[in-house]
Amino acid sequence: MMSSHGEMSLNKIGPATNEETDTNNINQSDEDHPSSSGFCGHFLSFFSFLLILLTFPVSVWGCMKIVQEYERAVIFRLGRLLGGAKGPGLFWINPCVDTFQKVDLRTVSFDIPPQEVLTKDSVTILVDAVVYYRIFNPTVSITKVENANQATQMLAQTTLRNMLGTKSLADILKDREEMSEQMEAVLYAASKNWGIKVERVELKDVKLPPSLQRAMAAEAEATREARAKVIAAEGEMNASRALKEAANVMSESPSALQLRYMQTLTEIASEKNSTVVFPVPVDLISHFMRR
């Protein structure tokens, strides 16, 4: 029974996410190097505790610190990392031997300045983008890289230039969403060792050289004119076919042409409001008189 309950409890535990796995791996690597302050470190720590006790309760105001819900505190004791990140809420430090740094866990966005890129088909363009990222491991973001925010921005600029250099201009203008997803994956693979998660990358604008803009505009205008001429030619061809069929019908009845002529005169008279005199064939009148 015990073994069955144990198996059931293990089955309820789902697989860890990629972010949690990366965090555990990084934390495991940090635990491989335990901190040992030595005799001097222990003596200074004991002396600081004694000083706090002697100045109690005034010393409490210097020992108690607060971090917000979206912040974490990374504490160093005598220059060595002290456990994991603390927070949110209250935590305790020894002012004489401890220092700490606050890390913001909220999503941060920054604009990539316009980058001059030479595409695969040898076209020079200016491209800018926006990147959204957040810190998921405060300890690593402090201990593994000097300035995580600046490092992420520089990495994003380099990645943008390298990726666009392997694409043609048509691919860049057509597949922006796919390129953004590829760039996001590349940035996360490079920045996860710094405790940073790149959440989204968006290409904002692609600026073309003025000469290329004029050439593309001329090409588009020529294409539209050619299409208009083809449509006009097709309309004339259809109209000529209809006129030919009408002429064949009128040729079978001699009076049909005269009736069409009278109808045309009626339309002209109704539009211009003028009197039109035209000869009426005698054969037509005699035909009506016989009836």
# chains A, B, ... in the order shown; residues from 1 in each chain; ligands from 1

call {"tool": "residues_around", "arguments": {"residues": "A:Val97", "least_positions_apart": "3", "cutoff": "12 Å", "atoms": "only C-alpha atoms", "output": "PyMOL selection string"}}
result
chain A and resi 37+40-49+51-52+63+75-82+93-94+100

call {"tool": "residues_around", "arguments": {"residues": "A:Thr124", "least_positions_apart": "5", "cutoff": "9 Å", "atoms": "only C-alpha atoms", "output": "VMD selection string"}}
result
chain A and resid 116 to 119 208 to 209

call {"tool": "write_last_selection", "arguments": {"atoms": "C-alpha atoms", "output": "PDB file, in the first residue's frame"}}
result
ATOM      1  CA  GLU A 116      21.694  49.637 -40.985  1.00  0.00           C
ATOM      2  CA  VAL A 117      21.534  46.150 -42.477  1.00  0.00           C
ATOM      3  CA  LEU A 118      22.773  44.750 -45.791  1.00  0.00           C
ATOM      4  CA  THR A 119      20.274  42.121 -46.892  1.00  0.00           C
ATOM      5  CA  LEU A 208      14.171  51.732 -47.642  1.00  0.00           C
ATOM      6  CA  PRO A 209      16.615  54.037 -49.459  1.00  0.00           C
TER       7      PRO A 209
END

call {"tool": "select_by_dssp", "arguments": {"residues": "stretch 89-228 of chain A", "states": "alpha helix (DSSP H)", "output": "PyMOL selection string"}}
result
chain A and resi 138-143+148-164+169-174+176-191+210-228

call {"tool": "residues_around", "arguments": {"residues": "A:Met154", "least_positions_apart": "6", "cutoff": "12 Å", "atoms": "only C-alpha atoms", "output": "MDAnalysis selection string"}}
result
chainID A and resid 110:113 115 131 147:148 160:161 187 190:191

call {"tool": "atom_distance", "arguments": {"atom1": "atom CA of A:Met250", "atom2": "atom CA of A:Ala233"}}
result
25.7 Å

call {"tool": "closest_residue", "arguments": {"among": "A:Val140, A:Ala129, A:Lys192, A:Val108", "to": "A:Gly83", "atoms": "only C-alpha atoms"}}
result
A:Val140

call {"tool": "select_by_dssp", "arguments": {"residues": "stretch 33-256 of chain A", "states": "strand (DSSP E)", "output": "JSON, numbers by chain"}}
result
{"A": [64, 65, 66, 67, 71, 72, 73, 74, 75, 76, 77, 80, 81, 89, 90, 91, 92, 98, 99, 100, 101, 102, 103, 104, 108, 109, 110, 111, 112, 113, 114, 115, 116, 117, 118, 124, 125, 126, 127, 128, 129, 130, 131, 132, 133, 134, 135, 196, 197, 198, 199, 200, 201, 202, 203, 204, 205, 206, 207]}

call {"tool": "residues_around", "arguments": {"residues": "A:Leu173", "least_positions_apart": "6", "cutoff": "12 Å", "atoms": "only C-alpha atoms", "output": "ChimeraX atom specification"}}
result
/A:119,125,127,164,167,179,203-208

call {"tool": "atom_distance", "arguments": {"atom1": "atom CA of A:Asp171", "atom2": "atom CA of A:Val198"}}
result
23.5 Å

call {"tool": "atom_distance", "arguments": {"atom1": "atom CA of A:Lys102", "atom2": "atom CA of A:Ile142"}}
result
9.5 Å

call {"tool": "closest_residue", "arguments": {"among": "A:Asn149, A:Val123, A:Met64, A:Thr166", "to": "A:Asp98", "atoms": "only C-alpha atoms"}}
result
A:Met64
